[in-house]
Amino acid sequence: MRIALFIACYNDTLFPATGIAVVRVLERLGHTVIFPSAQTCCGQMHYNTGYQAEALPLVRRFVEVFRDSEVVCVPSSSCVAMMREHYEKIALASGDRRLQSDVAALLPRVYEFTELLVHRLGVENVGAVYPHRVVYHASCHSLRSLHVGDLPMRLLGNVRDMEIVPLERVEQCCGFGGTFAVKNAAVSGAMLEEKLQCLKKTLAEICTACDNSCLMHIAGGLHRQGAAMHTRHIAEILACDGSVAEGQRR
Amino acid sequence: MSTVPYREFVDFPTSALLLLQDNQLRGNVRHATDVIQSKRDRVVREMPDWQALRDSGYAIRAHTLDYLDTYLEQFADRCTAAGGHVHWARDAAEANRIVVGLARNATGRVLKIKSMTSEEIGLNDALLAAGIEPIETDLAELIVQLGHDRPSHIVVPALHKSRQQVRELFARTMNLPELGDRPEDLTEAARLYLRHRFLNTPVAVSGANFLIAETGGVCIVESEGNGRMCLTLPRTLISLAGIDKVLPRFRDLEVMLQLLPRSATGERMNPYNSLWTGVHPGDGPQEFHVVLLDNRRTEVLRDQQARETLHCIRCGACQNACPVYRQTGGHAYGSVYAGPIGAILTPQLASMKRGQSLPFASSLCGACYEVCPVKINIPEVLIHLRGRVVSAKPAGGLTLEALAMRAMLWVFLGEARLKMAQRLGRIAQRPFIRASGWIEWLPGMLGGWTQTRDLQPLPRQSFREWFERRPPSGGPE
């Protein structure tokens, strides 16, 4: 299958390793990955911060770039949540009929990375090997917007040599929340502190999730506190096939 | 006139910063919300039709708001026919004037049942100013009143206090130096304190959980029995209700009285469910008034994208589920309506002229929407109100944030611009990268991040650069 990758602006800029991992996994499964280079941002930051007029051109851009894609893979549940929860409303408010029909036609072909693997490609075992103790952080958007349920756990459960440990208060937000993290920095930090306490109790080496945004927040707290735990996007775990030892993030 | 009598409130981040330092309060809030939430989860899980009930709750509330004028007039007609008196209050000042006028009596005091609407309009202050002493009879409201405190939760107003703190307060204010701190010690003290007041006060003021348009009846649910005493003992009863509290039919209670107690206190049914219609000779109050309060609710109704706010049946489940409320407690919201519902209701009740920071006091995690028994999509409304706040900023005074957002948009509207910004970022970050390889301090707006977190710097290569440079065959490198 020809799979178009929407990498998400912050993955592109800050977490290229995630995109590389997505490409490796999909190619290992025999698919072709296309990266339309005109893509930039889904518009979530503008939209959720109250700059809704500014989000519209970004919605248009996303739709134009991916209109003809057979399948779109997005390794970020919050971007997919933005599309599924708001794109139709934004298109409707714009009064642009063409945009409305394009959005309606495109959305069913947009998948978050773990959704794509399990629901579209029918794969639960991607042949990964990861000899580490791992804890899974359920991001709010994957949990409550996309309802990915146990998809990530099913994929992780099939990773060879990996020990997966449960997380206390797994459904509680880590406190990232996009611009919330800087606009309400103190409260966001207090929320993070509670999440870090639960994470540290697991004695896991690696914390994983379907969103690098939460992981950036969690990693920032872990590093500030000198904790030994590291963070990895779920694609980076699934990309490890035992051929190379897990090295640096970049 | 201020819609909510919390005049010292500046903004959410400022009050949150203060409250985050109060470890006792934060511990109390975490403990209490955990207890209520686990009870709520237990009684919700046992309902196979919970989601269908929520859908019904949503449908009833949405329909009611669509025909609010009809149902309000119907309620007023039926209530009047049953011997009640209906008063219409445009705002807080008018409602206070009406209640104070009705409450004047020989003993100079009135009983009160917990009513968040009365807190919204600052009724106690208005009564005191008129020389009438309000006596709060709900245990939590009594604690708040005796402590000259403010409610921090719509169902459990003294949720921020521990049992030991309540013991100290009662020991001091009721002059009971030997008082124990077991729940039964505290409730006994409150009972003795209130009993003779119940028997000797001829007027009571209540709120209302529901008004029934079909019958003209009023419904109040409660746990302590103080409400039942206030609704039956005094000669005069005044019920203050927001115009959003109406339900079309008596049978709608079938849905609401399942949703409300399970969501609010984790009970299958409230211990006391009072329903009355008008007056009845020789039975209960002989004079009954309903004050219907607008106080900008019609303005909320006008905003199609935010009117769901008025679905609220004041169960407080969103407060218990909210990870932000969990950290700060309710006082950070500067309003009687705290937590997620407060973050959308408070600014709207102030015509978006106050509490503009509140819609931003959320990580948009969605836990509130998940537990809301009438399916208010609080995250959606929060985002919509953020848009109203942003667009209300004067065009001349462009904020730094607005400039940053425009710049980001410009960057995102071109592939070459994004690549240039990524390259510039890698250069600009250099002075901030510490020996650890991480960014540990940032200036300005971004400094909020580095208060408690480090930041990984931009890597040498973006994903798009990697992809461009890989072999064109597309196979594994």
# chains A, B, ... in the order shown; residues from 1 in each chain; ligands from 1
>>> interface_residues(of="chain B", to="chain A", cutoff="7 Å", atoms="only C-alpha atoms", output="MDAnalysis selection string")
chainID B and resid 13 16:17 323:324 327 360:366 383 386:387 390 405 409 412 415 422 445:446 448:449 452:455 458:459 462:464 476
>>> residues_around(residues="segment 201-211 of chain B", least_positions_apart="3", cutoff="7 Å", atoms="only C-alpha atoms", output="PyMOL selection string")
chain B and resi 103+107+109-115+117+197-198+216-221+230+234-241+245-247
>>> write_last_selection(atoms="N, CA and C atoms", output="PDB file, in the first residue's frame")
ATOM      1  N   ALA B 103     -38.059  38.391  52.809  1.00  0.00           N
ATOM      2  CA  ALA B 103     -37.507  37.707  53.977  1.00  0.00           C
ATOM      3  C   ALA B 103     -37.625  38.509  55.267  1.00  0.00           C
ATOM      4  N   THR B 107     -38.137  37.825  63.526  1.00  0.00           N
ATOM      5  CA  THR B 107     -36.932  37.296  64.171  1.00  0.00           C
ATOM      6  C   THR B 107     -35.637  37.803  63.535  1.00  0.00           C
ATOM      7  N   ARG B 109     -34.037  36.760  60.970  1.00  0.00           N
ATOM      8  CA  ARG B 109     -33.128  35.781  60.366  1.00  0.00           C
ATOM      9  C   ARG B 109     -33.882  34.836  59.434  1.00  0.00           C
ATOM     10  N   VAL B 110     -33.123  34.214  58.538  1.00  0.00           N
ATOM     11  CA  VAL B 110     -33.716  33.236  57.620  1.00  0.00           C
ATOM     12  C   VAL B 110     -32.863  31.973  57.598  1.00  0.00           C
ATOM     13  N   LEU B 111     -33.537  30.845  57.423  1.00  0.00           N
ATOM     14  CA  LEU B 111     -32.831  29.584  57.224  1.00  0.00           C
ATOM     15  C   LEU B 111     -32.424  29.496  55.765  1.00  0.00           C
ATOM     16  N   LYS B 112     -31.307  28.820  55.523  1.00  0.00           N
ATOM     17  CA  LYS B 112     -30.920  28.631  54.122  1.00  0.00           C
ATOM     18  C   LYS B 112     -30.552  27.183  53.846  1.00  0.00           C
ATOM     19  N   ILE B 113     -31.008  26.710  52.708  1.00  0.00           N
ATOM     20  CA  ILE B 113     -30.569  25.414  52.212  1.00  0.00           C
ATOM     21  C   ILE B 113     -29.456  25.698  51.216  1.00  0.00           C
ATOM     22  N   LYS B 114     -28.475  24.835  51.145  1.00  0.00           N
ATOM     23  CA  LYS B 114     -27.365  25.032  50.207  1.00  0.00           C
ATOM     24  C   LYS B 114     -27.893  25.425  48.837  1.00  0.00           C
ATOM     25  N   SER B 115     -27.472  26.586  48.363  1.00  0.00           N
ATOM     26  CA  SER B 115     -27.906  27.051  47.057  1.00  0.00           C
ATOM     27  C   SER B 115     -26.762  27.792  46.402  1.00  0.00           C
ATOM     28  N   THR B 117     -26.879  29.088  43.542  1.00  0.00           N
ATOM     29  CA  THR B 117     -27.429  30.274  42.885  1.00  0.00           C
ATOM     30  C   THR B 117     -27.433  31.455  43.850  1.00  0.00           C
ATOM     31  N   ARG B 197     -32.606  26.642  65.930  1.00  0.00           N
ATOM     32  CA  ARG B 197     -32.767  27.651  64.877  1.00  0.00           C
ATOM     33  C   ARG B 197     -33.836  27.188  63.866  1.00  0.00           C
ATOM     34  N   PHE B 198     -33.827  25.900  63.557  1.00  0.00           N
ATOM     35  CA  PHE B 198     -34.889  25.361  62.688  1.00  0.00           C
ATOM     36  C   PHE B 198     -36.261  25.656  63.282  1.00  0.00           C
ATOM     37  N   GLY B 216     -45.770  22.776  37.781  1.00  0.00           N
ATOM     38  CA  GLY B 216     -45.468  23.951  38.598  1.00  0.00           C
ATOM     39  C   GLY B 216     -44.773  23.570  39.893  1.00  0.00           C
ATOM     40  N   GLY B 217     -44.258  22.349  39.958  1.00  0.00           N
ATOM     41  CA  GLY B 217     -43.610  21.870  41.174  1.00  0.00           C
ATOM     42  C   GLY B 217     -42.127  22.174  41.202  1.00  0.00           C
ATOM     43  N   VAL B 218     -41.547  22.028  42.402  1.00  0.00           N
ATOM     44  CA  VAL B 218     -40.120  22.259  42.600  1.00  0.00           C
ATOM     45  C   VAL B 218     -39.525  21.004  43.233  1.00  0.00           C
ATOM     46  N   CYS B 219     -38.298  20.670  42.837  1.00  0.00           N
ATOM     47  CA  CYS B 219     -37.635  19.474  43.355  1.00  0.00           C
ATOM     48  C   CYS B 219     -36.280  19.834  43.953  1.00  0.00           C
ATOM     49  N   ILE B 220     -36.044  19.336  45.149  1.00  0.00           N
ATOM     50  CA  ILE B 220     -34.725  19.489  45.776  1.00  0.00           C
ATOM     51  C   ILE B 220     -34.279  18.136  46.297  1.00  0.00           C
ATOM     52  N   VAL B 221     -33.031  17.775  45.965  1.00  0.00           N
ATOM     53  CA  VAL B 221     -32.473  16.531  46.496  1.00  0.00           C
ATOM     54  C   VAL B 221     -31.314  16.889  47.422  1.00  0.00           C
ATOM     55  N   CYS B 230     -36.167  22.675  56.334  1.00  0.00           N
ATOM     56  CA  CYS B 230     -36.381  24.040  55.850  1.00  0.00           C
ATOM     57  C   CYS B 230     -37.606  24.130  54.935  1.00  0.00           C
ATOM     58  N   PRO B 234     -40.781  26.136  58.233  1.00  0.00           N
ATOM     59  CA  PRO B 234     -41.072  27.578  58.259  1.00  0.00           C
ATOM     60  C   PRO B 234     -42.451  27.912  57.669  1.00  0.00           C
ATOM     61  N   ARG B 235     -42.897  29.104  57.980  1.00  0.00           N
ATOM     62  CA  ARG B 235     -44.187  29.541  57.466  1.00  0.00           C
ATOM     63  C   ARG B 235     -44.045  30.020  56.024  1.00  0.00           C
ATOM     64  N   THR B 236     -42.877  30.632  55.755  1.00  0.00           N
ATOM     65  CA  THR B 236     -42.644  31.182  54.417  1.00  0.00           C
ATOM     66  C   THR B 236     -41.437  30.501  53.780  1.00  0.00           C
ATOM     67  N   LEU B 237     -41.594  30.098  52.515  1.00  0.00           N
ATOM     68  CA  LEU B 237     -40.487  29.482  51.781  1.00  0.00           C
ATOM     69  C   LEU B 237     -40.238  30.271  50.500  1.00  0.00           C
ATOM     70  N   ILE B 238     -38.964  30.638  50.293  1.00  0.00           N
ATOM     71  CA  ILE B 238     -38.582  31.356  49.074  1.00  0.00           C
ATOM     72  C   ILE B 238     -37.577  30.492  48.327  1.00  0.00           C
ATOM     73  N   SER B 239     -37.903  30.107  47.111  1.00  0.00           N
ATOM     74  CA  SER B 239     -36.976  29.283  46.326  1.00  0.00           C
ATOM     75  C   SER B 239     -36.406  30.109  45.183  1.00  0.00           C
ATOM     76  N   LEU B 240     -35.082  30.186  45.173  1.00  0.00           N
ATOM     77  CA  LEU B 240     -34.384  30.943  44.145  1.00  0.00           C
ATOM     78  C   LEU B 240     -33.853  29.964  43.099  1.00  0.00           C
ATOM     79  N   ALA B 241     -34.178  30.197  41.834  1.00  0.00           N
ATOM     80  CA  ALA B 241     -33.745  29.248  40.802  1.00  0.00           C
ATOM     81  C   ALA B 241     -33.345  29.969  39.528  1.00  0.00           C
ATOM     82  N   LYS B 245     -33.142  25.960  35.196  1.00  0.00           N
ATOM     83  CA  LYS B 245     -33.441  24.789  36.022  1.00  0.00           C
ATOM     84  C   LYS B 245     -34.747  24.075  35.672  1.00  0.00           C
ATOM     85  N   VAL B 246     -35.432  24.563  34.660  1.00  0.00           N
ATOM     86  CA  VAL B 246     -36.751  24.000  34.369  1.00  0.00           C
ATOM     87  C   VAL B 246     -36.642  22.693  33.551  1.00  0.00           C
ATOM     88  N   LEU B 247     -37.576  21.784  33.835  1.00  0.00           N
ATOM     89  CA  LEU B 247     -37.736  20.555  33.050  1.00  0.00           C
ATOM     90  C   LEU B 247     -39.165  20.536  32.535  1.00  0.00           C
TER      91      LEU B 247
END
>>> residues_around(residues="Asp161 of chain A", least_positions_apart="5", cutoff="8 Å", atoms="only C-alpha atoms", output="list in words")
Val129, Tyr130, Pro131 and His132 of chain A
>>> atom_distance(atom1="atom CA of Gly122 of chain B", atom2="atom CA of Gly101 of chain B")
15.2 Å
>>> select_by_dssp(residues="segment 197-333 of chain B", states="helix (DSSP H, G or I)", output="ChimeraX atom specification")
/B:197-200,226-232,243-245,250-264,297-302,307-311,317-321,323-328,330-333
>>> closest_residue(among="B:Ala416, B:Ala428, B:Ala171, B:Ala52", to="Glu465 of chain B", atoms="only C-alpha atoms")
B:Ala416
>>> atom_distance(atom1="atom CA of Arg460 of chain B", atom2="atom CA of Arg423 of chain B")
8.9 Å
>>> atom_distance(atom1="atom CA of Gly282 of chain B", atom2="atom CA of Gly108 of chain B")
24.3 Å
>>> select_by_dssp(residues="segment 86-240 of chain A", states="strand (DSSP E or B)", output="count of residues only")
20
>>> residues_around(residues="segment 62-72 of chain A", least_positions_apart="5", cutoff="7 Å", atoms="only C-alpha atoms", output="PyMOL selection string")
chain A and resi 2-6+36+38-39+42+102-103+106+109-111
>>> write_last_selection(atoms="N, CA and C atoms", output="PDB file, in the first residue's frame")
ATOM      1  N   ARG A   2       0.384   2.284  -0.681  1.00  0.00           N
ATOM      2  CA  ARG A   2       1.106   3.570  -0.653  1.00  0.00           C
ATOM      3  C   ARG A   2       0.529   4.394   0.481  1.00  0.00           C
ATOM      4  N   ILE A   3       1.344   4.608   1.488  1.00  0.00           N
ATOM      5  CA  ILE A   3       0.878   5.293   2.693  1.00  0.00           C
ATOM      6  C   ILE A   3       1.501   6.680   2.756  1.00  0.00           C
ATOM      7  N   ALA A   4       0.637   7.699   2.790  1.00  0.00           N
ATOM      8  CA  ALA A   4       1.144   9.065   2.920  1.00  0.00           C
ATOM      9  C   ALA A   4       1.369   9.354   4.394  1.00  0.00           C
ATOM     10  N   LEU A   5       2.523   9.891   4.709  1.00  0.00           N
ATOM     11  CA  LEU A   5       2.854  10.190   6.101  1.00  0.00           C
ATOM     12  C   LEU A   5       2.653  11.668   6.381  1.00  0.00           C
ATOM     13  N   PHE A   6       1.767  11.968   7.352  1.00  0.00           N
ATOM     14  CA  PHE A   6       1.711  13.332   7.896  1.00  0.00           C
ATOM     15  C   PHE A   6       2.480  13.263   9.204  1.00  0.00           C
ATOM     16  N   PRO A  36       4.606  13.841   1.391  1.00  0.00           N
ATOM     17  CA  PRO A  36       4.335  15.060   0.618  1.00  0.00           C
ATOM     18  C   PRO A  36       5.001  16.245   1.328  1.00  0.00           C
ATOM     19  N   ALA A  38       4.981  19.387   0.991  1.00  0.00           N
ATOM     20  CA  ALA A  38       4.294  20.665   1.212  1.00  0.00           C
ATOM     21  C   ALA A  38       3.563  20.693   2.558  1.00  0.00           C
ATOM     22  N   GLN A  39       3.492  19.559   3.233  1.00  0.00           N
ATOM     23  CA  GLN A  39       2.775  19.499   4.515  1.00  0.00           C
ATOM     24  C   GLN A  39       3.494  20.312   5.586  1.00  0.00           C
ATOM     25  N   CYS A  42      -1.232  20.826  11.301  1.00  0.00           N
ATOM     26  CA  CYS A  42      -2.668  20.554  11.212  1.00  0.00           C
ATOM     27  C   CYS A  42      -3.519  21.730  11.702  1.00  0.00           C
ATOM     28  N   ASP A 102     -14.349  17.879   0.710  1.00  0.00           N
ATOM     29  CA  ASP A 102     -12.991  17.323   0.772  1.00  0.00           C
ATOM     30  C   ASP A 102     -12.685  16.767   2.158  1.00  0.00           C
ATOM     31  N   VAL A 103     -13.072  17.515   3.173  1.00  0.00           N
ATOM     32  CA  VAL A 103     -12.824  17.077   4.550  1.00  0.00           C
ATOM     33  C   VAL A 103     -13.586  15.778   4.811  1.00  0.00           C
ATOM     34  N   LEU A 106     -11.866  12.956   3.059  1.00  0.00           N
ATOM     35  CA  LEU A 106     -10.505  12.639   3.495  1.00  0.00           C
ATOM     36  C   LEU A 106     -10.453  12.012   4.895  1.00  0.00           C
ATOM     37  N   ARG A 109      -9.916   8.385   5.813  1.00  0.00           N
ATOM     38  CA  ARG A 109      -8.658   7.777   5.359  1.00  0.00           C
ATOM     39  C   ARG A 109      -7.478   8.186   6.241  1.00  0.00           C
ATOM     40  N   VAL A 110      -7.761   8.966   7.280  1.00  0.00           N
ATOM     41  CA  VAL A 110      -6.697   9.420   8.181  1.00  0.00           C
ATOM     42  C   VAL A 110      -6.636   8.507   9.400  1.00  0.00           C
ATOM     43  N   TYR A 111      -5.475   7.954   9.644  1.00  0.00           N
ATOM     44  CA  TYR A 111      -5.302   7.034  10.780  1.00  0.00           C
ATOM     45  C   TYR A 111      -4.152   7.480  11.672  1.00  0.00           C
TER      46      TYR A 111
END
>>> closest_residue(among="A:Arg98, A:Lys195, A:Arg84, A:Lys200", to="Glu112 of chain A", atoms="only C-alpha atoms")
A:Arg84
>>> residues_around(residues="Met47 of chain B", least_positions_apart="6", cutoff="10 Å", atoms="only C-alpha atoms", output="tab-separated table (two decimals) with C-alpha atoms, in the first residue's frame")
chain	number	residue	atom	x	y	z
B	53	LEU	CA	-29.33	7.79	30.10
B	258	GLN	CA	-30.84	8.68	38.09
B	262	ARG	CA	-24.90	8.88	40.84
>>> residues_around(residues="Glu73 of chain B", least_positions_apart="6", cutoff="12 Å", atoms="only C-alpha atoms", output="ChimeraX atom specification")
/B:67,79-80,86-88,211-216,243,246,248,292
